[in-house]
>>> print(open('my_file_28.cif').read())   # mmCIF, C-alpha atoms
data_structure
loop_
_atom_site.label_atom_id
_atom_site.label_comp_id
_atom_site.auth_asym_id
_atom_site.auth_seq_id
_atom_site.Cartn_x
_atom_site.Cartn_y
_atom_site.Cartn_z
CA MET A 1 98.43 116.13 72.82
CA PRO A 2 97.34 112.45 72.82
CA ALA A 3 93.77 111.65 73.83
CA SER A 4 93.16 111.05 77.55
CA GLU A 5 91.91 107.53 76.84
CA THR A 6 95.17 106.72 75.07
CA ILE A 7 97.20 108.12 77.95
CA LEU A 8 95.30 106.03 80.51
CA LEU A 9 95.75 102.92 78.39
CA PHE A 10 99.45 103.64 78.04
CA LEU A 11 99.90 104.19 81.78
CA SER A 12 98.19 100.88 82.54
CA ALA A 13 100.35 99.04 80.03
CA ALA A 14 103.50 100.76 81.27
CA PHE A 15 102.81 99.77 84.87
CA LEU A 16 102.14 96.14 84.00
CA LEU A 17 105.28 95.99 81.90
CA THR A 18 107.34 97.63 84.64
CA ILE A 19 106.35 95.15 87.34
CA SER A 20 106.93 92.12 85.10
CA PRO A 21 110.10 90.17 86.03
CA GLY A 22 113.17 91.49 84.25
CA PRO A 23 116.76 92.60 84.89
CA ASP A 24 115.80 95.98 86.36
CA ILE A 25 113.22 94.79 88.86
CA LEU A 26 115.12 91.64 89.85
CA GLY A 27 118.32 93.63 90.30
CA THR A 28 116.51 96.21 92.44
CA ILE A 29 115.00 93.54 94.69
CA SER A 30 118.32 91.71 95.03
CA ILE A 31 120.18 94.87 96.01
CA GLY A 32 117.40 95.81 98.42
CA LEU A 33 117.59 92.49 100.22
CA ALA A 34 121.39 92.53 100.33
CA ARG A 35 122.16 96.25 100.78
CA GLY A 36 119.15 98.07 102.19
CA TRP A 37 116.59 100.51 100.89
CA ARG A 38 118.87 103.45 100.04
CA SER A 39 120.99 101.36 97.70
CA ALA A 40 117.92 99.68 96.18
CA VAL A 41 116.04 102.94 95.63
CA GLY A 42 119.14 104.46 94.05
CA PHE A 43 119.59 101.49 91.72
CA GLY A 44 115.89 101.35 90.85
CA VAL A 45 115.62 105.06 90.11
CA GLY A 46 118.75 104.77 87.97
CA CYS A 47 117.18 101.95 85.97
CA GLY A 48 114.01 103.96 85.50
CA THR A 49 115.92 107.07 84.46
CA GLY A 50 117.75 105.02 81.85
CA CYS A 51 114.46 104.89 79.95
CA LEU A 52 115.05 108.53 79.00
CA LEU A 53 118.08 107.50 76.96
CA HIS A 54 116.13 104.77 75.19
CA THR A 55 113.33 107.25 74.51
CA LEU A 56 115.84 109.59 72.88
CA PHE A 57 117.29 106.74 70.84
CA ALA A 58 113.83 105.66 69.70
CA VAL A 59 112.88 109.20 68.70
CA ILE A 60 116.02 109.82 66.63
CA GLY A 61 116.11 106.30 65.20
CA VAL A 62 119.28 104.97 66.80
CA SER A 63 117.45 101.91 68.10
CA ALA A 64 116.30 101.16 64.56
CA ALA A 65 119.91 101.27 63.39
CA VAL A 66 120.94 98.88 66.17
CA ARG A 67 118.13 96.49 65.28
CA ALA A 68 119.20 96.58 61.64
CA SER A 69 122.79 95.73 62.58
CA PRO A 70 123.20 92.29 64.19
CA MET A 71 126.81 93.13 65.03
CA ALA A 72 125.88 96.30 66.94
CA PHE A 73 123.15 94.48 68.82
CA THR A 74 125.50 91.63 69.72
CA VAL A 75 128.23 93.98 70.96
CA LEU A 76 125.83 95.89 73.21
CA LYS A 77 124.28 92.68 74.47
CA TYR A 78 127.65 91.27 75.49
CA CYS A 79 128.63 94.56 77.15
CA GLY A 80 125.47 94.39 79.24
CA ALA A 81 126.13 90.76 80.13
CA ALA A 82 129.73 91.51 81.12
CA TYR A 83 128.58 94.29 83.44
CA LEU A 84 126.08 91.98 85.14
CA VAL A 85 128.76 89.30 85.50
CA TRP A 86 130.99 91.85 87.25
CA LEU A 87 128.17 92.75 89.65
CA GLY A 88 127.46 89.08 90.28
CA ILE A 89 131.05 88.09 90.99
CA SER A 90 131.50 91.11 93.26
CA ALA A 91 128.41 90.10 95.23
CA LEU A 92 129.53 86.49 95.51
CA ARG A 93 132.88 87.63 96.91
CA SER A 94 131.24 89.87 99.49
CA ARG A 95 131.37 89.03 103.19
CA GLY A 96 128.05 90.68 103.89
CA GLY A 97 127.71 93.65 106.15
CA GLY A 98 124.56 95.39 105.00
CA VAL A 99 125.79 98.91 104.24
CA LYS A 100 129.09 97.82 102.76
CA GLU A 101 129.32 97.65 99.01
CA TYR A 102 130.50 94.53 97.23
CA SER A 103 133.98 95.95 96.83
CA GLY A 104 134.22 96.42 100.60
CA GLN A 105 133.76 100.20 100.41
CA GLU A 106 130.64 102.08 101.41
CA GLN A 107 128.69 103.53 98.53
CA SER A 108 125.83 106.00 98.51
CA GLY A 109 122.44 105.76 96.86
CA TRP A 110 123.80 108.05 94.13
CA GLN A 111 126.51 105.55 93.28
CA HIS A 112 123.91 102.83 92.99
CA PHE A 113 121.88 105.21 90.86
CA GLY A 114 124.81 105.31 88.43
CA LYS A 115 124.98 101.51 88.40
CA GLY A 116 121.27 101.22 87.65
CA LEU A 117 121.48 103.88 84.95
CA LEU A 118 124.36 102.06 83.28
CA ALA A 119 122.72 98.64 83.58
CA ASN A 120 119.57 99.89 81.85
CA SER A 121 121.32 102.04 79.25
CA ILE A 122 123.53 99.26 77.87
CA ASN A 123 120.64 96.81 77.46
CA PRO A 124 119.81 96.89 73.73
CA LYS A 125 116.61 94.93 74.31
CA VAL A 126 115.14 97.87 76.20
CA GLY A 127 115.94 100.21 73.32
CA ILE A 128 114.34 97.92 70.77
CA PHE A 129 111.33 97.48 73.06
CA PHE A 130 110.88 101.26 73.16
CA LEU A 131 111.17 101.47 69.39
CA SER A 132 108.45 98.84 69.02
CA PHE A 133 106.21 99.87 71.92
CA LEU A 134 106.01 103.67 71.77
CA PRO A 135 104.83 104.07 68.14
CA GLY A 136 101.79 101.91 68.88
CA PHE A 137 100.31 104.73 70.97
CA VAL A 138 101.09 107.55 68.55
CA ASP A 139 98.16 109.04 66.66
CA LYS A 140 98.63 108.21 62.99
CA ASP A 141 97.33 111.68 62.10
CA ALA A 142 99.71 113.50 64.43
CA ASN A 143 101.64 116.32 62.76
CA GLN A 144 104.76 115.59 64.83
CA PRO A 145 104.69 111.92 65.83
CA GLU A 146 108.18 112.16 67.30
CA LEU A 147 106.85 114.54 69.95
CA HIS A 148 104.16 112.03 70.86
CA MET A 149 106.84 109.32 71.17
CA ALA A 150 108.86 111.59 73.43
CA PHE A 151 105.78 112.31 75.55
CA PHE A 152 105.01 108.63 76.03
CA GLY A 153 108.66 107.91 76.72
CA LEU A 154 108.61 110.46 79.53
CA LEU A 155 105.44 108.92 80.92
CA PHE A 156 107.00 105.45 80.86
CA THR A 157 110.10 106.79 82.60
CA GLY A 158 107.96 108.34 85.33
CA VAL A 159 106.08 105.08 85.89
CA ALA A 160 109.34 103.12 85.97
CA VAL A 161 111.04 105.48 88.41
CA VAL A 162 108.13 105.48 90.88
CA THR A 163 107.58 101.72 90.63
CA PHE A 164 111.23 100.76 90.98
CA ALA A 165 111.70 103.21 93.84
CA ALA A 166 108.75 101.71 95.73
CA ILE A 167 109.95 98.15 95.12
CA GLY A 168 113.47 99.12 96.16
CA TYR A 169 112.23 100.75 99.35
CA PHE A 170 110.12 97.81 100.53
CA SER A 171 112.64 95.15 99.54
CA GLY A 172 115.32 97.22 101.27
CA ARG A 173 113.30 97.42 104.47
CA ILE A 174 112.90 93.66 104.46
CA GLY A 175 116.60 93.28 103.70
CA GLY A 176 117.46 95.61 106.56
CA LEU A 177 115.69 93.34 109.01
CA LEU A 178 117.35 90.24 107.62
CA ASN A 179 120.78 91.86 107.46
CA SER A 180 120.82 92.31 111.24
CA LYS A 181 122.06 88.73 111.33
CA PRO A 182 125.55 88.42 109.78
CA THR A 183 125.05 84.91 108.41
CA ILE A 184 121.83 85.93 106.66
CA ALA A 185 123.54 89.04 105.25
CA VAL A 186 126.21 86.90 103.60
CA GLN A 187 123.61 84.56 102.12
CA LEU A 188 121.65 87.51 100.72
CA ASP A 189 124.81 88.73 99.01
CA ARG A 190 125.26 85.27 97.53
CA LEU A 191 121.66 85.32 96.33
CA ALA A 192 122.13 88.75 94.75
CA GLY A 193 125.26 87.48 92.99
CA LEU A 194 123.44 84.47 91.57
CA VAL A 195 120.59 86.69 90.35
CA PHE A 196 123.00 88.98 88.50
CA LEU A 197 124.80 86.02 86.92
CA ALA A 198 121.49 84.50 85.85
CA LEU A 199 120.48 87.81 84.29
CA ALA A 200 123.80 87.93 82.43
CA VAL A 201 123.08 84.50 80.97
CA SER A 202 119.60 85.65 79.92
CA PHE A 203 121.14 88.66 78.16
CA ILE A 204 123.16 86.32 75.95
CA TRP A 205 120.75 83.41 75.63
CA MET A 206 117.54 85.26 74.78
CA ALA A 207 117.18 86.97 71.44
#
>>> encode(input="my_file_28.cif", output="structure tokens")
Amino acid sequence: MPASETILLFLSAAFLLTISPGPDILGTISIGLARGWRSAVGFGVGCGTGCLLHTLFAVIGVSAAVRASPMAFTVLKYCGAAYLVWLGISALRSRGGGVKEYSGQEQSGWQHFGKGLLANSINPKVGIFFLSFLPGFVDKDANQPELHMAFFGLLFTGVAVVTFAAIGYFSGRIGGLLNSKPTIAVQLDRLAGLVFLALAVSFIWMA
């Protein structure tokens, strides 16, 4: 079991990293403003839960293999960008309506959970971040360092889920008030679409 001081340091770092601007938090806020708190909480919790997959990849070394293969990294990066472009275009085509999904059909928080989970899981930068970040908190004398990595990965996931859920709830409440006016609802959808498209560009542009 890692020392309590190490755990507290990790939790502080995880929280600061979670609230820093990035695809997950910006996507959660955008959906909250455009679609309400249920959709935003679902998307945010999905993004946070995706950290479990990256933890697994880091523990078994898959992320290291992706980092060693520029082709694999590029393919995953473009897949993530394409998904964000699809979300952005769908939002731009929306006519507003608060509880309606971009396709025109109502979707539940669970469906947004799946979208958030997918958006986080196909981002190779998150996997490489986990591979670089988690080992820094592992005791060099630990008999099973992979278990320590898994432990810290679970802690990070918990922090991400709670933080994204809270941000999704409050942004959704604000969005709910704004969405009571149809013209504002449409503009919020447009804003969400632009955010997703900008994130797609960042996926490709940034190393």
>>> residues_around(input="my_file_28.cif", residues="Leu16 (chain A)", least_positions_apart="5", cutoff="12 Å", atoms="only C-alpha atoms", output="PyMOL selection string")
chain A and resi 9-11+21-22+156+159-160+163
>>> closest_residue(input="my_file_28.cif", among="A:Leu194, A:Val161, A:Met71, A:Ser12", to="Gly116 (chain A)", atoms="all atoms listed in the file")
A:Val161
>>> atom_distance(input="my_file_28.cif", atom1="CA of Gly50 (chain A)", atom2="CA of Gly127 (chain A)")
10.0 Å
>>> closest_residue(input="my_file_28.cif", among="A:Leu33, A:Leu52, A:Val41, A:Ala119", to="Val85 (chain A)", atoms="all atoms listed in the file")
A:Ala119
>>> resolve_selection(input="my_file_28.cif", expression="the PyMOL selection byres ((chain A and resi 128-131) around 12)", output="ChimeraX atom specification")
/A:14,17,50-69,73,76-77,121-127,132-138,146,149-150,152-154,156-157,207
>>> atom_distance(input="my_file_28.cif", atom1="CA of Arg93 (chain A)", atom2="CA of Gly172 (chain A)")
20.5 Å
>>> atom_distance(input="my_file_28.cif", atom1="CA of Trp37 (chain A)", atom2="CA of Ala91 (chain A)")
16.7 Å
>>> resolve_selection(input="my_file_28.cif", expression="the PyMOL selection byres ((chain A and resi 27) around 9)", output="list of chain:residue names")
A:Gly22, A:Pro23, A:Asp24, A:Ile25, A:Leu26, A:Thr28, A:Ile29, A:Ser30, A:Ile31, A:Gly32, A:Ala40, A:Phe43, A:Gly44, A:Gly116, A:Ala192, A:Val195, A:Phe196, A:Leu199
>>> closest_residue(input="my_file_28.cif", among="A:Arg173, A:Arg190, A:His112, A:Arg38", to="Leu92 (chain A)", atoms="all atoms listed in the file")
A:Arg190
>>> closest_residue(input="my_file_28.cif", among="A:Ala200, A:Leu84, A:Pro2, A:Tyr169", to="Gln144 (chain A)", atoms="all atoms listed in the file")
A:Pro2
>>> residues_near_point(input="my_file_28.cif", point="(126.5, 102.8, 90.5)", cutoff="12 Å", atoms="all atoms listed in the file", output="PyMOL selection string")
chain A and resi 31+39-47+83+87+101-103+106-120
